[in-house]
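Chemist: Encoded as structure tokens, here's the structure I'll be asking about.
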Amino acid sequence: MSAETARMTLKVYEVNRDGVTRVLREETEVTPLPEPETSHAYPPCQCTACKAQR
């Protein structure tokens with residue numbers, strides 16, 4: 001599936017501690033990026049197990 005044909009929909013909810021749900025943003029169609037931007041990547045894990053694998 002190419003980026004031109006790939007589609008996603010998002011709907012943003014908020015749930016409070018009592019379980020009451022409300023919609024913050026109605027369903028919206030979005031096109032996923034073919035490659036995430038570098039600034040959106042998680043920083044590398046700093047634990048000793050992950051550091052040993054690098």
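To be explicit about the labels: the chains of the structure tokens are called A, B, and onward in the order shown, and within each one the residues are counted from 1, while ligands get numbers from 1 in the order they are shown.
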List the spatial neighbours of Arg25 of chain A as a PyMOL selection string - criterion: any atom at most 10 Å away, only C-alpha atoms, same-chain residues fewer than 4 positions off excluded.
Modeler: chain A and resi 10-14
Chemist: Could you name the residues that touch Val30 of chain A at 10 Å or less, counting only C-alpha atoms, but leaving out those on the same chain fewer than 6 positions away, as a PyMOL selection string?
Modeler: chain A and resi 6-10
Chemist: Just write the chosen residues, N, CA and C atoms, as a PDB file, in the first residue's frame.
Modeler:
ATOM      1  N   ALA A   6      -2.806   4.978   1.404  1.00  0.00           N
ATOM      2  CA  ALA A   6      -2.943   4.714   2.842  1.00  0.00           C
ATOM      3  C   ALA A   6      -3.730   5.840   3.492  1.00  0.00           C
ATOM      4  N   ARG A   7      -4.712   5.478   4.288  1.00  0.00           N
ATOM      5  CA  ARG A   7      -5.526   6.477   4.976  1.00  0.00           C
ATOM      6  C   ARG A   7      -5.758   6.038   6.417  1.00  0.00           C
ATOM      7  N   MET A   8      -5.885   7.003   7.286  1.00  0.00           N
ATOM      8  CA  MET A   8      -6.209   6.749   8.685  1.00  0.00           C
ATOM      9  C   MET A   8      -7.251   7.768   9.100  1.00  0.00           C
ATOM     10  N   THR A   9      -8.013   7.407  10.124  1.00  0.00           N
ATOM     11  CA  THR A   9      -8.903   8.390  10.733  1.00  0.00           C
ATOM     12  C   THR A   9      -8.573   8.458  12.213  1.00  0.00           C
ATOM     13  N   LEU A  10      -8.657   9.649  12.750  1.00  0.00           N
ATOM     14  CA  LEU A  10      -8.400   9.881  14.166  1.00  0.00           C
ATOM     15  C   LEU A  10      -9.611  10.560  14.790  1.00  0.00           C
TER      16      LEU A  10
END
